[in-house]
Amino acid sequence: MMMTCVRASLLIAATFALLPAAASAADIAAGQAKVKEVCQACHGLDGNSQSPDYPKLGGQYPDYLAKALRDYKSGARKNPIMAGFAGTLSAKDIENVAAYYASQPAVLAKKY
Amino acid sequence: MIRYCAVLALPLMFSAVVAAQTPAPAGDAAKGEEKTRMCEGCHGIEGWRTAFPEVYHVPKLGGQHAAYIVQALHEYKNGDRSHPSMRAIAASLTDQDIANLAAYFSQGGPKTQTAAK
């Protein structure tokens, strides 16, 4: 009885320990769907934009991409084009889009 | 009155046109490399994170479009982007320094380095 109780407690504790990770895990497929709608025209589907006007995003760090999108959305980073697009993205969309572009083949160097 | 305004506006219009036509300085990657000592403490370390005011990876710059790097540095310099370290560093750069750094980074950074595949 005691062992069952300990085991059950451990199971419950483990479930709760895993919850935050599960809640924040980005959905790369959903990110790609959003990229096709919102980002692809300028940044390209793989994020390696051919136009010098738009930065390359493929293989960039996902937390940096998400931070940039949050700042465009809040207005902390001022860019009239990106403010419009980032404004349409939810917090979840931002995580997904950032994870998708980060997962793409990088033309950006690992450092510098 | 209208004619007076038009006369007043003319030189202003002309100076605006001249300003718009002033070409951005061409970047010299070799000179840009000389300035990268300010950059390498963060951007030169693979996987480095900035700790203030938020924790996130400092962006990869090697292979980025030069025009974007120029724009980003100008935005830090004029306050449109707010990262404290980057604002201080960008404020110390001339337009020519910015063009040189952009040329250097857009060509992929150090010559021995190849882009991550």
# chains A, B, ... in the order shown; residues from 1 in each chain; ligands from 1
$ residues_around --residues "Tyr56 in chain B" --least-positions-apart "2" --cutoff "6 Å" --atoms "only C-alpha atoms" --output "MDAnalysis selection string"
(chainID A and resid 63:64) or (chainID B and resid 49:50)
$ write_last_selection --atoms "C-alpha atoms" --output "JSON list (two decimals), in the first residue's frame"
[["chain", "number", "residue", "atom", "x", "y", "z"],
["A", 63, "ASP", "CA", 14.92, 32.43, -29.17],
["A", 64, "TYR", "CA", 16.43, 35.38, -31.06],
["B", 49, "ARG", "CA", 23.52, 34.17, -24.99],
["B", 50, "THR", "CA", 22.94, 37.76, -23.99]]
$ interface_residues --of "chain B" --to "chain A" --cutoff "10 Å" --atoms "only C-alpha atoms" --output "number ranges by chain"
B: 36, 39-40, 42-50, 54-69, 71, 75-76, 79-83, 104-106, 108-110, 113-117
$ write_last_selection --atoms "N, CA and C atoms" --output "compact mmCIF listing (two decimals), in the first residue's frame"
# COMPACT_ATOMS: atom_id res chain seq x y z
N THR B 36 36.19 44.21 -35.58
CA THR B 36 35.36 43.15 -35.01
C THR B 36 35.74 42.77 -33.58
N CYS B 39 32.94 43.01 -31.47
CA CYS B 39 31.82 42.11 -31.75
C CYS B 39 32.07 40.69 -31.24
N GLU B 40 33.37 40.31 -31.23
CA GLU B 40 33.64 38.88 -31.08
C GLU B 40 33.34 38.36 -29.68
N CYS B 42 30.77 38.54 -28.05
CA CYS B 42 29.42 37.93 -28.04
C CYS B 42 29.16 37.14 -29.33
N HIS B 43 29.29 37.81 -30.48
CA HIS B 43 28.92 37.16 -31.75
C HIS B 43 29.96 36.13 -32.19
N GLY B 44 31.16 36.22 -31.62
CA GLY B 44 32.22 35.31 -32.03
C GLY B 44 32.22 33.99 -31.28
N ILE B 45 31.32 33.86 -30.32
CA ILE B 45 31.27 32.64 -29.52
C ILE B 45 30.00 31.88 -29.90
N GLU B 46 30.21 30.71 -30.47
CA GLU B 46 29.06 29.94 -30.94
C GLU B 46 28.12 29.62 -29.77
N GLY B 47 26.84 29.93 -29.95
CA GLY B 47 25.85 29.60 -28.93
C GLY B 47 25.78 30.58 -27.77
N TRP B 48 26.48 31.71 -27.87
CA TRP B 48 26.51 32.68 -26.77
C TRP B 48 25.14 33.31 -26.57
N ARG B 49 24.79 33.52 -25.30
CA ARG B 49 23.52 34.17 -24.99
C ARG B 49 23.76 35.52 -24.35
N THR B 50 22.92 36.48 -24.68
CA THR B 50 22.94 37.76 -23.99
C THR B 50 22.15 37.59 -22.71
N GLU B 54 17.21 40.55 -21.46
CA GLU B 54 16.56 39.24 -21.55
C GLU B 54 17.61 38.22 -21.93
N VAL B 55 17.35 36.96 -21.62
CA VAL B 55 18.29 35.91 -22.01
C VAL B 55 17.84 35.30 -23.34
N TYR B 56 18.67 35.42 -24.34
CA TYR B 56 18.43 34.74 -25.62
C TYR B 56 19.75 34.70 -26.38
N HIS B 57 19.82 33.84 -27.38
CA HIS B 57 21.05 33.72 -28.16
C HIS B 57 21.33 35.00 -28.94
N VAL B 58 22.57 35.43 -28.96
CA VAL B 58 22.91 36.55 -29.84
C VAL B 58 22.85 36.02 -31.28
N PRO B 59 22.32 36.83 -32.19
CA PRO B 59 22.08 36.31 -33.54
C PRO B 59 23.36 35.98 -34.31
N LYS B 60 23.21 35.01 -35.19
CA LYS B 60 24.28 34.71 -36.14
C LYS B 60 24.29 35.79 -37.21
N LEU B 61 25.47 36.26 -37.55
CA LEU B 61 25.60 37.35 -38.53
C LEU B 61 26.31 36.92 -39.81
N GLY B 62 27.16 35.89 -39.72
CA GLY B 62 27.97 35.48 -40.87
C GLY B 62 27.10 35.04 -42.02
N GLY B 63 27.22 35.71 -43.17
CA GLY B 63 26.42 35.36 -44.34
C GLY B 63 25.11 36.14 -44.44
N GLN B 64 24.84 36.98 -43.46
CA GLN B 64 23.62 37.81 -43.52
C GLN B 64 23.78 38.86 -44.62
N HIS B 65 22.65 39.36 -45.16
CA HIS B 65 22.73 40.43 -46.17
C HIS B 65 23.36 41.68 -45.56
N ALA B 66 24.27 42.30 -46.30
CA ALA B 66 24.96 43.50 -45.81
C ALA B 66 23.96 44.62 -45.51
N ALA B 67 22.96 44.79 -46.40
CA ALA B 67 22.01 45.89 -46.23
C ALA B 67 21.27 45.76 -44.90
N TYR B 68 20.99 44.52 -44.50
CA TYR B 68 20.28 44.32 -43.23
C TYR B 68 21.18 44.67 -42.05
N ILE B 69 22.45 44.30 -42.12
CA ILE B 69 23.38 44.61 -41.02
C ILE B 69 23.55 46.12 -40.90
N GLN B 71 21.36 48.36 -41.74
CA GLN B 71 20.13 48.90 -41.17
C GLN B 71 20.06 48.65 -39.66
N GLU B 75 19.86 51.39 -36.72
CA GLU B 75 18.71 51.41 -35.79
C GLU B 75 19.19 51.42 -34.33
N TYR B 76 20.26 50.68 -34.03
CA TYR B 76 20.82 50.73 -32.68
C TYR B 76 21.39 52.12 -32.41
N GLY B 79 18.63 54.65 -31.88
CA GLY B 79 17.73 54.35 -30.78
C GLY B 79 16.47 53.60 -31.15
N ASP B 80 16.30 53.24 -32.43
CA ASP B 80 15.10 52.49 -32.81
C ASP B 80 15.14 51.05 -32.33
N ARG B 81 16.34 50.55 -32.05
CA ARG B 81 16.46 49.24 -31.39
C ARG B 81 17.16 49.49 -30.07
N SER B 82 16.79 48.69 -29.06
CA SER B 82 17.07 49.13 -27.70
C SER B 82 18.12 48.33 -26.93
N HIS B 83 18.74 47.32 -27.52
CA HIS B 83 19.67 46.53 -26.70
C HIS B 83 20.82 47.41 -26.19
N TYR B 104 32.11 42.81 -44.11
CA TYR B 104 32.84 41.69 -43.51
C TYR B 104 31.90 40.55 -43.12
N PHE B 105 30.85 40.87 -42.38
CA PHE B 105 29.95 39.82 -41.91
C PHE B 105 29.16 39.18 -43.06
N SER B 106 28.78 39.99 -44.03
CA SER B 106 27.98 39.42 -45.13
C SER B 106 28.81 38.44 -45.96
N GLY B 108 30.67 36.33 -44.65
CA GLY B 108 30.75 35.10 -43.88
C GLY B 108 31.66 35.14 -42.67
N GLY B 109 32.19 36.29 -42.35
CA GLY B 109 33.05 36.38 -41.18
C GLY B 109 34.45 35.89 -41.48
N PRO B 110 35.11 35.26 -40.50
CA PRO B 110 36.49 34.84 -40.69
C PRO B 110 36.64 33.95 -41.93
N GLN B 113 36.25 30.18 -41.89
CA GLN B 113 34.97 29.64 -41.45
C GLN B 113 34.06 29.33 -42.63
N THR B 114 33.41 28.22 -42.60
CA THR B 114 32.42 27.91 -43.62
C THR B 114 31.04 27.97 -43.00
N ALA B 115 30.06 28.30 -43.79
CA ALA B 115 28.69 28.40 -43.27
C ALA B 115 28.22 27.04 -42.79
N ALA B 116 27.45 27.07 -41.72
CA ALA B 116 26.88 25.82 -41.19
C ALA B 116 25.91 25.24 -42.19
N LYS B 117 26.02 23.97 -42.41
CA LYS B 117 25.10 23.32 -43.35
C LYS B 117 24.04 22.56 -42.57
$ residues_around --residues "Gln32 in chain A" --least-positions-apart "4" --cutoff "9 Å" --atoms "only C-alpha atoms" --output "PDB file with C-alpha atoms, in the first residue's frame"
ATOM      1  CA  ASP A  27       4.947  23.083 -33.261  1.00  0.00           C
ATOM      2  CA  ILE A  28       7.217  23.223 -36.319  1.00  0.00           C
ATOM      3  CA  LYS A  36       3.503  30.165 -45.848  1.00  0.00           C
ATOM      4  CA  GLU A  37       0.736  32.624 -44.990  1.00  0.00           C
ATOM      5  CA  LEU A  45       9.984  29.374 -47.312  1.00  0.00           C
ATOM      6  CA  ASN A  96       6.096  28.077 -33.884  1.00  0.00           C
ATOM      7  CA  VAL A  97       7.361  30.348 -36.666  1.00  0.00           C
ATOM      8  CA  TYR A 100      10.326  26.450 -38.003  1.00  0.00           C
ATOM      9  CA  TYR A 101      12.832  28.943 -39.413  1.00  0.00           C
TER      10      TYR A 101
END
$ residues_around --residues "Ala91 in chain B" --least-positions-apart "3" --cutoff "7 Å" --atoms "only C-alpha atoms" --output "PyMOL selection string"
chain B and resi 77+87-88
$ closest_residue --among "B:Leu93, B:Ala24, B:Ala30, B:Met86" --to "Pro53 in chain B" --atoms "only C-alpha atoms"
B:Met86
$ residues_around --residues "Thr88 in chain A" --least-positions-apart "5" --cutoff "10 Å" --atoms "only C-alpha atoms" --output "VMD selection string"
chain A and resid 38 73 83 93 to 94
$ closest_residue --among "B:His74, B:Met38, B:Glu33, B:Pro25" --to "Ile89 in chain B" --atoms "only C-alpha atoms"
B:Met38
$ atom_distance --atom1 "CA of Ala91 in chain A" --atom2 "CA of Leu73 in chain B"
26.9 Å
$ residues_around --residues "Gln96 in chain B" --least-positions-apart "6" --cutoff "12 Å" --atoms "only C-alpha atoms" --output "ChimeraX atom specification"
/B:23-29,31-32,35,70,73-74,90,102-103
$ write_last_selection --atoms "C-alpha atoms" --output "compact mmCIF listing (two decimals), in the first residue's frame"
# COMPACT_ATOMS: atom_id res chain seq x y z
CA PRO B 23 25.20 57.03 -51.82
CA ALA B 24 25.82 54.89 -48.77
CA PRO B 25 29.55 54.32 -48.33
CA ALA B 26 30.86 51.16 -49.95
CA GLY B 27 32.01 48.61 -47.41
CA ASP B 28 35.59 47.38 -47.11
CA ALA B 29 35.55 43.91 -45.54
CA LYS B 31 38.75 47.27 -42.69
CA GLY B 32 35.60 45.81 -41.16
CA LYS B 35 36.68 46.56 -35.98
CA VAL B 70 23.76 48.26 -42.03
CA LEU B 73 23.45 49.04 -36.74
CA HIS B 74 21.85 52.33 -37.74
CA ALA B 90 26.79 51.22 -32.61
CA ALA B 102 28.46 44.80 -42.91
CA ALA B 103 30.74 43.89 -45.80
$ decode --residues "range 35-81 of chain A" --atoms "C-alpha atoms" --output "mmCIF file, in the first residue's frame"
data_model
loop_
_atom_site.group_PDB
_atom_site.id
_atom_site.type_symbol
_atom_site.label_atom_id
_atom_site.label_comp_id
_atom_site.auth_asym_id
_atom_site.auth_seq_id
_atom_site.Cartn_x
_atom_site.Cartn_y
_atom_site.Cartn_z
ATOM 1 C CA VAL A 35 5.232 31.024 -42.547
ATOM 2 C CA LYS A 36 3.503 30.165 -45.848
ATOM 3 C CA GLU A 37 0.736 32.624 -44.990
ATOM 4 C CA VAL A 38 2.711 35.505 -43.525
ATOM 5 C CA CYS A 39 6.492 35.366 -43.994
ATOM 6 C CA GLN A 40 7.350 33.438 -47.147
ATOM 7 C CA ALA A 41 6.801 36.243 -49.669
ATOM 8 C CA CYS A 42 9.741 38.237 -48.307
ATOM 9 C CA HIS A 43 11.894 35.852 -46.256
ATOM 10 C CA GLY A 44 11.400 32.721 -48.388
ATOM 11 C CA LEU A 45 9.984 29.374 -47.312
ATOM 12 C CA ASP A 46 13.364 28.221 -45.974
ATOM 13 C CA GLY A 47 14.193 31.660 -44.552
ATOM 14 C CA ASN A 48 17.159 32.225 -46.809
ATOM 15 C CA SER A 49 15.817 35.313 -48.529
ATOM 16 C CA GLN A 50 17.367 36.192 -51.864
ATOM 17 C CA SER A 51 16.541 39.882 -51.509
ATOM 18 C CA PRO A 52 19.121 42.042 -49.724
ATOM 19 C CA ASP A 53 16.234 44.022 -48.245
ATOM 20 C CA TYR A 54 15.113 41.121 -46.060
ATOM 21 C CA PRO A 55 17.313 39.336 -43.543
ATOM 22 C CA LYS A 56 18.088 35.649 -43.797
ATOM 23 C CA LEU A 57 16.389 33.689 -41.029
ATOM 24 C CA GLY A 58 17.102 30.042 -41.890
ATOM 25 C CA GLY A 59 19.086 28.380 -39.104
ATOM 26 C CA GLN A 60 19.003 31.486 -36.915
ATOM 27 C CA TYR A 61 18.552 30.864 -33.161
ATOM 28 C CA PRO A 62 14.845 30.380 -32.375
ATOM 29 C CA ASP A 63 14.920 32.427 -29.170
ATOM 30 C CA TYR A 64 16.427 35.378 -31.055
ATOM 31 C CA LEU A 65 13.778 35.128 -33.793
ATOM 32 C CA ALA A 66 10.990 34.958 -31.195
ATOM 33 C CA LYS A 67 12.423 37.940 -29.319
ATOM 34 C CA ALA A 68 12.558 39.952 -32.566
ATOM 35 C CA LEU A 69 8.928 39.114 -33.377
ATOM 36 C CA ARG A 70 7.747 39.992 -29.858
ATOM 37 C CA ASP A 71 9.582 43.317 -30.079
ATOM 38 C CA TYR A 72 8.064 44.122 -33.486
ATOM 39 C CA LYS A 73 4.635 43.240 -32.111
ATOM 40 C CA SER A 74 5.044 45.397 -28.983
ATOM 41 C CA GLY A 75 6.623 48.278 -30.893
ATOM 42 C CA ALA A 76 9.884 48.017 -28.923
ATOM 43 C CA ARG A 77 11.518 47.426 -32.298
ATOM 44 C CA LYS A 78 10.289 49.867 -34.890
ATOM 45 C CA ASN A 79 9.663 48.654 -38.392
ATOM 46 C CA PRO A 80 6.395 49.518 -40.127
ATOM 47 C CA ILE A 81 6.383 46.383 -42.286
#
